[in-house]
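Shown here: target-v3.cif, mmCIF, C-alpha atoms.
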data_my_file
loop_
_atom_site.label_atom_id
_atom_site.label_comp_id
_atom_site.auth_asym_id
_atom_site.auth_seq_id
_atom_site.Cartn_x
_atom_site.Cartn_y
_atom_site.Cartn_z
CA MET A 21 0.00 0.00 0.00
CA LYS A 22 2.83 2.32 0.97
CA ILE A 23 4.64 1.59 -2.31
CA ILE A 24 1.49 2.25 -4.36
CA ALA A 25 1.02 5.61 -2.60
CA ARG A 26 4.65 6.51 -3.35
CA ILE A 27 4.30 5.51 -7.00
CA ILE A 28 1.20 7.72 -7.24
CA VAL A 29 3.16 10.65 -5.75
CA ILE A 30 5.95 10.13 -8.33
CA LEU A 31 3.41 9.92 -11.17
CA ILE A 32 1.66 13.10 -9.95
CA ALA A 33 5.02 14.92 -9.94
CA ALA A 34 5.68 13.66 -13.48
CA LEU A 35 2.19 14.75 -14.54
CA ALA A 36 2.87 18.24 -13.15
CA VAL A 37 5.98 18.45 -15.36
CA VAL A 38 4.02 17.19 -18.37
CA GLY A 39 1.25 19.69 -17.65
CA ALA A 40 3.73 22.56 -17.43
CA THR A 41 5.36 21.46 -20.70
CA LEU A 42 1.99 21.26 -22.43
CA ALA A 43 0.95 24.65 -21.06
CA LEU A 44 4.20 26.20 -22.32
CA SER A 45 3.70 24.54 -25.69
CA ASN A 46 0.07 25.67 -26.04
CA SER A 47 0.90 29.24 -25.06
CA GLY A 48 3.54 29.32 -27.79
CA ALA A 49 6.28 30.13 -25.28
CA LEU A 50 8.04 26.83 -25.95
CA ASN A 51 8.27 27.53 -29.69
CA GLY A 52 9.57 31.00 -28.94
CA LEU A 53 12.19 29.66 -26.53
CA LEU A 54 13.37 27.00 -28.97
CA ARG A 55 13.60 29.50 -31.82
CA ALA A 56 15.26 32.16 -29.69
CA GLY A 57 17.86 29.59 -28.70
CA ARG A 58 18.43 28.90 -32.42
CA PHE A 59 17.69 25.22 -32.05
CA GLU A 60 15.77 25.46 -35.29
CA PRO A 61 18.34 26.99 -37.65
CA GLU A 62 16.46 26.88 -40.95
CA PHE A 63 13.46 28.72 -39.53
CA ALA A 64 15.33 31.05 -37.17
CA PHE A 65 15.90 33.79 -39.75
CA THR A 66 12.18 34.11 -40.30
CA GLN A 67 11.97 35.64 -36.82
CA ARG A 68 14.37 38.44 -37.68
CA PRO A 69 12.83 41.79 -38.41
CA GLY A 70 12.99 42.61 -42.08
CA GLY A 71 13.40 38.99 -43.19
CA ALA A 72 12.81 38.42 -46.89
CA PRO A 73 9.16 37.47 -47.60
CA GLY A 74 10.26 34.87 -50.11
CA GLU A 75 12.44 33.19 -47.52
CA PHE A 76 9.54 33.08 -45.10
CA ALA A 77 7.28 31.50 -47.68
CA ARG A 78 9.92 28.91 -48.46
CA SER A 79 10.29 28.04 -44.80
CA GLN A 80 6.56 27.64 -44.37
CA GLY A 81 6.51 25.48 -47.48
CA GLN A 82 9.35 23.34 -46.17
CA ARG A 83 7.54 22.93 -42.90
CA ARG A 84 4.32 21.83 -44.55
CA GLN A 85 6.26 19.48 -46.84
CA PHE A 86 8.05 18.00 -43.83
CA ASP A 87 4.82 17.40 -41.91
CA ARG A 88 3.12 15.91 -45.00
CA ALA A 89 6.02 13.54 -45.69
CA LEU A 90 6.13 12.44 -42.07
CA GLN A 91 2.38 11.80 -42.08
CA GLN A 92 2.58 9.82 -45.35
CA ASP A 93 5.48 7.73 -44.05
CA ARG A 94 3.59 6.98 -40.86
CA GLU A 95 0.41 6.01 -42.67
CA ALA A 96 2.35 3.74 -45.00
CA GLY A 97 4.19 2.24 -42.01
CA ARG A 98 7.53 3.28 -43.52
CA PRO A 99 10.47 4.57 -41.51
CA PHE A 100 10.69 8.35 -41.82
CA ALA A 101 13.40 9.60 -44.18
CA PHE A 102 12.49 12.94 -45.73
CA GLU A 103 15.12 14.26 -48.12
CA GLY A 104 15.97 17.91 -47.73
CA SER A 105 14.60 18.45 -44.26
CA PHE A 106 16.70 19.19 -41.19
CA GLU A 107 15.89 15.71 -39.98
CA ARG A 108 17.77 14.19 -42.92
CA GLY A 109 20.15 11.49 -41.87
CA ARG A 110 19.06 11.65 -38.25
CA PHE A 111 18.63 7.92 -38.09
CA GLY A 112 20.83 7.07 -41.04
CA GLU A 113 20.06 6.15 -44.61
CA ALA A 114 18.97 2.68 -43.62
CA GLY A 115 15.97 4.14 -41.85
CA LEU A 116 14.68 4.17 -38.31
CA GLY A 117 14.08 0.53 -37.71
CA SER A 118 17.53 -0.85 -38.31
CA PHE A 119 20.75 -1.18 -36.36
CA ASN A 120 23.45 1.20 -37.55
CA LEU A 121 27.10 0.81 -36.62
CA PHE A 122 27.59 4.58 -36.75
CA GLY A 123 25.32 4.66 -33.72
CA ALA A 124 28.18 3.05 -31.80
CA PHE A 125 30.11 6.32 -32.24
CA GLU A 126 27.12 8.18 -30.79
CA LEU A 127 27.18 5.83 -27.81
CA ALA A 128 30.94 6.22 -27.38
CA ARG A 129 30.66 10.02 -27.66
CA ASN A 130 28.07 10.15 -24.88
CA LEU A 131 30.15 7.83 -22.70
CA ILE A 132 33.23 10.01 -23.22
CA ILE A 133 31.25 13.17 -22.34
CA VAL A 134 30.02 11.51 -19.13
CA LEU A 135 33.53 10.29 -18.21
CA VAL A 136 35.10 13.71 -18.83
CA ILE A 137 32.49 15.54 -16.73
CA VAL A 138 32.80 12.94 -13.94
CA ALA A 139 36.62 13.24 -13.98
CA ILE A 140 36.52 17.06 -13.85
CA THR A 141 33.88 17.19 -11.10
CA VAL A 142 35.55 14.51 -8.94
CA ALA A 143 38.96 16.19 -9.32
CA ALA A 144 37.48 19.60 -8.46
CA THR A 145 35.72 18.14 -5.39
CA LEU A 146 38.94 16.47 -4.17
CA ILE A 147 40.94 19.70 -4.60
CA TRP A 148 38.21 21.66 -2.80
CA GLN A 149 38.21 19.17 0.10
CA ARG A 150 42.04 19.27 0.42
CA LEU A 151 42.04 23.07 0.41
CA GLY A 152 39.35 23.04 3.09
CA ARG A 153 41.39 20.66 5.27
CA ARG A 154 44.53 22.79 4.82
CA ARG A 155 42.60 25.92 5.82
CA VAL A 156 41.41 24.18 9.00
CA LYS A 157 45.00 23.05 9.82
CA ASP A 158 46.50 26.51 9.18
CA ALA A 159 43.85 28.31 11.22
CA PRO A 160 45.26 29.63 14.55
CA ALA A 161 44.08 27.67 17.58
CA MET B 19 13.88 -26.86 10.81
CA LYS B 20 14.22 -23.16 10.44
CA THR B 21 15.87 -22.00 7.23
CA THR B 22 17.62 -18.66 7.21
CA ARG B 23 17.56 -16.86 3.87
CA LYS B 24 20.59 -14.72 3.09
CA ARG B 25 19.45 -11.13 2.49
CA ILE B 26 20.92 -9.27 -0.45
CA PRO B 27 22.62 -6.09 0.78
CA LYS B 28 20.65 -2.94 -0.08
CA ASN B 29 23.77 -1.33 -1.52
CA LEU B 30 24.23 -4.22 -3.92
CA ILE B 31 20.62 -3.86 -5.14
CA ASN B 32 21.16 -0.11 -5.59
CA LEU B 33 24.46 -0.65 -7.38
CA SER B 34 22.99 -3.23 -9.77
CA LEU B 35 19.94 -1.12 -10.60
CA ASP B 36 22.01 2.04 -11.03
CA ALA B 37 24.44 0.24 -13.34
CA LEU B 38 21.51 -1.06 -15.40
CA ILE B 39 19.93 2.43 -15.58
CA PHE B 40 23.28 3.97 -16.59
CA ILE B 41 23.82 1.48 -19.40
CA ALA B 42 20.17 1.76 -20.52
CA PHE B 43 20.43 5.56 -20.61
CA LEU B 44 23.60 5.49 -22.71
CA VAL B 45 22.07 2.99 -25.14
CA ALA B 46 18.78 4.91 -25.28
CA THR B 47 20.59 8.16 -26.13
CA ALA B 48 22.02 6.51 -29.25
CA PRO B 49 18.91 5.64 -31.32
CA ARG B 50 21.00 5.05 -34.42
CA PHE B 51 22.80 2.28 -32.55
CA THR B 52 19.68 0.33 -31.59
CA GLY B 53 17.11 1.34 -34.18
CA ILE B 54 13.97 3.28 -33.30
CA ALA B 55 11.85 0.39 -31.97
CA VAL B 56 14.42 -0.73 -29.40
CA HIS B 57 15.09 2.93 -28.55
CA GLU B 58 11.43 3.55 -27.76
CA TRP B 59 10.70 0.36 -25.82
CA LEU B 60 13.94 0.65 -23.88
CA SER B 61 13.06 4.23 -22.93
CA ILE B 62 9.62 3.17 -21.71
CA ALA B 63 11.24 0.46 -19.57
CA PHE B 64 13.73 3.09 -18.44
CA GLY B 65 10.83 5.14 -17.05
CA ALA B 66 9.81 2.18 -14.88
CA ALA B 67 13.43 1.77 -13.71
CA ILE B 68 13.53 5.45 -12.67
CA VAL B 69 10.37 4.99 -10.58
CA THR B 70 12.04 1.97 -8.89
CA HIS B 71 15.20 4.02 -8.31
CA LEU B 72 13.14 6.77 -6.67
CA LEU B 73 11.28 4.23 -4.49
CA LEU B 74 14.60 2.78 -3.30
CA HIS B 75 15.80 6.26 -2.29
CA TRP B 76 12.45 7.42 -0.88
CA GLN B 77 13.73 7.96 2.68
CA TRP B 78 16.53 10.23 1.41
CA ILE B 79 14.06 12.23 -0.71
CA ILE B 80 11.69 12.74 2.25
CA GLY B 81 14.56 13.53 4.64
CA VAL B 82 16.14 16.22 2.45
CA THR B 83 12.73 17.67 1.46
CA ARG B 84 11.91 18.15 5.16
CA HIS B 85 15.25 19.68 6.10
CA PHE B 86 16.11 21.45 2.84
CA PHE B 87 15.90 24.94 4.36
CA GLY B 88 17.11 23.78 7.77
CA GLN B 89 19.73 21.26 8.83
CA ALA B 90 20.54 19.72 5.47
CA GLN B 91 24.18 19.74 4.33
CA TRP B 92 25.16 21.76 1.27
CA ARG B 93 26.17 18.61 -0.56
CA ALA B 94 22.71 17.14 0.04
CA ARG B 95 21.06 20.37 -1.13
CA ILE B 96 23.09 20.48 -4.35
CA ASN B 97 22.28 16.79 -4.88
CA TYR B 98 18.60 17.45 -4.29
CA VAL B 99 18.42 20.36 -6.77
CA LEU B 100 20.34 18.35 -9.38
CA ASN B 101 18.11 15.30 -8.85
CA THR B 102 14.99 17.45 -9.21
CA LEU B 103 16.35 18.84 -12.47
CA PHE B 104 17.16 15.30 -13.58
CA PHE B 105 13.60 14.15 -12.80
CA ILE B 106 12.11 17.08 -14.75
CA ASP B 107 14.49 16.42 -17.66
CA MET B 108 13.73 12.68 -17.71
CA THR B 109 9.98 13.35 -17.62
CA ILE B 110 10.31 15.77 -20.56
CA ILE B 111 12.44 13.24 -22.49
CA LEU B 112 9.89 10.46 -21.94
CA PHE B 113 6.88 12.66 -22.64
CA THR B 114 8.27 14.23 -25.82
CA GLY B 115 9.51 10.78 -26.86
CA LEU B 116 5.96 9.45 -26.60
CA MET B 117 4.65 12.47 -28.54
CA ILE B 118 6.99 11.72 -31.48
CA SER B 119 6.78 7.94 -31.12
CA GLU B 120 7.05 6.10 -34.44
CA ALA B 121 7.11 2.50 -33.24
CA ALA B 122 5.75 1.99 -29.71
CA LEU B 123 2.56 4.06 -29.72
CA PRO B 124 1.52 3.25 -33.33
CA LEU B 125 1.86 -0.42 -32.38
CA LEU B 126 -0.70 0.20 -29.63
CA GLY B 127 -2.95 1.93 -32.16
CA ILE B 128 -2.21 5.45 -30.92
CA ARG B 129 -1.20 7.97 -33.58
CA ILE B 130 -0.28 11.55 -32.74
CA ALA B 131 0.06 14.27 -35.39
CA PRO B 132 3.74 15.04 -36.04
CA ASP B 133 5.08 18.16 -34.38
CA ARG B 134 8.63 19.41 -34.75
CA THR B 135 8.54 21.23 -31.41
CA TRP B 136 8.40 17.91 -29.53
CA ARG B 137 11.19 16.53 -31.69
CA LEU B 138 13.41 19.54 -30.97
CA LEU B 139 12.62 19.50 -27.27
CA HIS B 140 13.28 15.74 -27.14
CA GLY B 141 16.75 16.19 -28.62
CA LEU B 142 17.54 19.15 -26.42
CA ALA B 143 16.38 17.43 -23.22
CA SER B 144 18.34 14.28 -24.13
CA ASP B 145 21.54 16.29 -24.60
CA ALA B 146 20.96 18.04 -21.27
CA GLY B 147 20.25 14.62 -19.71
CA VAL B 148 23.73 13.36 -20.62
CA PHE B 149 25.32 16.29 -18.76
CA ILE B 150 23.01 15.99 -15.73
CA LEU B 151 23.63 12.23 -15.58
CA ALA B 152 27.38 12.86 -15.55
CA LEU B 153 27.03 15.33 -12.66
CA HIS B 154 24.74 12.88 -10.84
CA VAL B 155 27.37 10.12 -11.15
CA ALA B 156 30.15 12.53 -10.11
CA LEU B 157 28.30 13.57 -6.95
CA HIS B 158 27.88 9.90 -5.98
CA TRP B 159 31.42 8.92 -6.99
CA GLN B 160 32.62 8.10 -3.46
CA TRP B 161 29.60 5.89 -2.79
CA LEU B 162 30.06 4.20 -6.18
CA VAL B 163 33.75 3.45 -5.56
CA ASN B 164 33.04 2.11 -2.05
CA ALA B 165 30.14 -0.05 -3.24
CA LEU B 166 32.20 -1.41 -6.15
CA LYS B 167 35.07 -2.25 -3.81
CA ARG B 168 32.84 -3.92 -1.23
CA HIS B 169 30.44 -5.85 -3.47
CA ILE B 170 32.40 -6.52 -6.66
CA LEU B 171 36.16 -6.16 -6.23
CA LYS B 172 36.53 -7.60 -2.73
CA PRO B 173 34.48 -10.79 -3.37
CA LEU B 174 36.30 -11.32 -6.69
CA PHE B 175 39.92 -10.48 -5.90
CA GLY B 176 39.74 -11.08 -2.16
CA ALA B 177 38.71 -14.68 -2.84
CA ARG B 178 41.46 -15.11 -5.42
CA ARG B 179 44.05 -13.82 -2.98
CA ALA B 180 42.73 -16.04 -0.21
CA ALA B 181 42.76 -19.19 -2.36
CA PRO B 182 46.60 -19.69 -2.55
CA THR B 183 46.91 -19.06 1.17
CA LEU B 184 44.36 -21.81 1.92
CA ALA B 185 46.13 -24.17 -0.47
CA ALA B 186 49.46 -23.39 1.16
CA THR B 187 48.10 -24.11 4.64
CA LYS B 188 46.63 -27.44 3.45
CA GLU B 189 50.03 -28.42 2.02
CA ALA B 190 51.74 -27.44 5.21
CA HIS B 191 49.36 -29.58 7.26
CA SER B 192 49.78 -32.61 5.00
#

Just give me the structure as structure tokens.
Amino acid sequence: MKIIARIIVILIAALAVVGATLALSNSGALNGLLRAGRFEPEFAFTQRPGGAPGEFARSQGQRRQFDRALQQDREAGRPFAFEGSFERGRFGEAGLGSFNLFGAFELARNLIIVLVIVAITVAATLIWQRLGRRRVKDAPA
Amino acid sequence: MKTTRKRIPKNLINLSLDALIFIAFLVATAPRFTGIAVHEWLSIAFGAAIVTHLLLHWQWIIGVTRHFFGQAQWRARINYVLNTLFFIDMTIILFTGLMISEAALPLLGIRIAPDRTWRLLHGLASDAGVFILALHVALHWQWLVNALKRHILKPLFGARRAAPTLAATKEAHS
């Protein structure tokens, strides 16, 4: 019973996060944040004042084309691989469903990032602790 | 006759689960490595593993929540803030992952209209997750090293070291 209550608390906390994300998305703030952070490079220039109207139209067209292609691929049960979109090559030419050896590099890259951050943080913590001990020793009694 | 069952140490359970979660996270963050179907199902299972992880550390969560503004140590406070961020990040990763699902949800007959915002947020949250995971591991480094020594290295190499000594004593007795 206790465990079920705890699981419910965890799920409620997760739901709160989901709710906040959905609220941000529906208010348009999420799109604004993502674009302001330039995480969407091919559409980012459309936000600039004085952007060329033709460029804007092309971006909107690309967007519609992207969504249409994704929808068609989904309906046909095909893995998504839309040429010319920013998602091109995201899961490799072989498509989404297959194993790709290049993914091993992705895995190794993430592992290296984790190891480097761990090494830096642990080293910094050790140095900080030693300095703290030295300060205590040097302090006049 | 009364049989006594040997209890598995709590630290060993934590260590095993944490190792599994760590490996699962690394594999899940490389969808090209596994393919999209494995990526999605593994991530859903990963969500269940996180809930288990939180249940195993429930006393710590309650303790620090109660004393966050009072007696709690700075290390515990930093850990708590980082863990909260990690929870929020993981929830966003799982939620956005479900919103852009191309294998798991369609298999269950659920189809959601494609939206690039979820895709972008999913990628961004996953990248942030790698960094937060690294900091999470770094903050628990001392515990990790001690647990590895006690439950993995000592039983393995301690036994190997003890074996020749036992053999030598047997020879000496004979």

Residue members of the PyMOL selection byres ((chain B) within 8 of (chain A)) in the file shown, as a ChimeraX atom specification: /B:44-45,47-55,69,73,105-106,109-110,113,120,131-133,135,138-139,148-149,151-153,155-157,159

Residues from the last selection, C-alpha atoms, saved as a compact mmCIF listing (two decimals), in the frame of the given file:
# COMPACT_ATOMS: atom_id res chain seq x y z
CA LEU B 44 23.60 5.49 -22.71
CA VAL B 45 22.07 2.99 -25.14
CA THR B 47 20.59 8.16 -26.13
CA ALA B 48 22.02 6.51 -29.25
CA PRO B 49 18.91 5.64 -31.32
CA ARG B 50 21.00 5.05 -34.42
CA PHE B 51 22.80 2.28 -32.55
CA THR B 52 19.68 0.33 -31.59
CA GLY B 53 17.11 1.34 -34.18
CA ILE B 54 13.97 3.28 -33.30
CA ALA B 55 11.85 0.39 -31.97
CA VAL B 69 10.37 4.99 -10.58
CA LEU B 73 11.28 4.23 -4.49
CA PHE B 105 13.60 14.15 -12.80
CA ILE B 106 12.11 17.08 -14.75
CA THR B 109 9.98 13.35 -17.62
CA ILE B 110 10.31 15.77 -20.56
CA PHE B 113 6.88 12.66 -22.64
CA GLU B 120 7.05 6.10 -34.44
CA ALA B 131 0.06 14.27 -35.39
CA PRO B 132 3.74 15.04 -36.04
CA ASP B 133 5.08 18.16 -34.38
CA THR B 135 8.54 21.23 -31.41
CA LEU B 138 13.41 19.54 -30.97
CA LEU B 139 12.62 19.50 -27.27
CA VAL B 148 23.73 13.36 -20.62
CA PHE B 149 25.32 16.29 -18.76
CA LEU B 151 23.63 12.23 -15.58
CA ALA B 152 27.38 12.86 -15.55
CA LEU B 153 27.03 15.33 -12.66
CA VAL B 155 27.37 10.12 -11.15
CA ALA B 156 30.15 12.53 -10.11
CA LEU B 157 28.30 13.57 -6.95
CA TRP B 159 31.42 8.92 -6.99

Expected selection from the PyMOL selection byres ((chain B and resi 28-42) around 8), given as JSON, numbers by chain: {"B": [26, 27, 43, 44, 45, 46, 60, 61, 64, 67, 68, 71, 74, 162, 165, 166, 169]}

Selection: 7 Å around B:Phe86, only C-alpha atoms, excl. self and same-chain fewer than 4 positions, as a ChimeraX atom specification: /B:82,90,95

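Of the residues under consideration (B:Gly127, B:Gly81, B:Gly147, B:Gly88), B:Gly147 shows the shortest atom-to-atom contact distance to B:Asp107 when counting all atoms listed in the file.
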
With 5 Å added on each side, what axis-aligned box encloses every listed atom of stretch 71-90 of chain B? Give the centre and edge lengths in Å to one decimal, as JSON.
{"center_x": 15.9, "center_y": 13.9, "center_z": 0.3, "size_x": 19.3, "size_y": 32.2, "size_z": 27.1}

B:Arg137 surroundings by only C-alpha atoms, 9 Å radius, close-in-sequence under 3 positions cut, as an MDAnalysis selection string: chainID B and resid 114:115 117:118 132:134 140:142

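You will find atom CA of A:Gly152 at 19.7 Å from atom CA of B:His158.
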
Å distance separating atom CA of B:Leu125 from atom CA of B:Trp59, one decimal place: 11.0 Å

Atom pair atom CA of A:Gln149 / atom CA of B:Val99: separation (Å): 21.0 Å

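Proximity to B:Val56 was assessed for B:Ile80, B:Ala122, B:Ala94, B:Val163 counting all atoms listed in the file; the smallest distance is recorded for B:Ala122.
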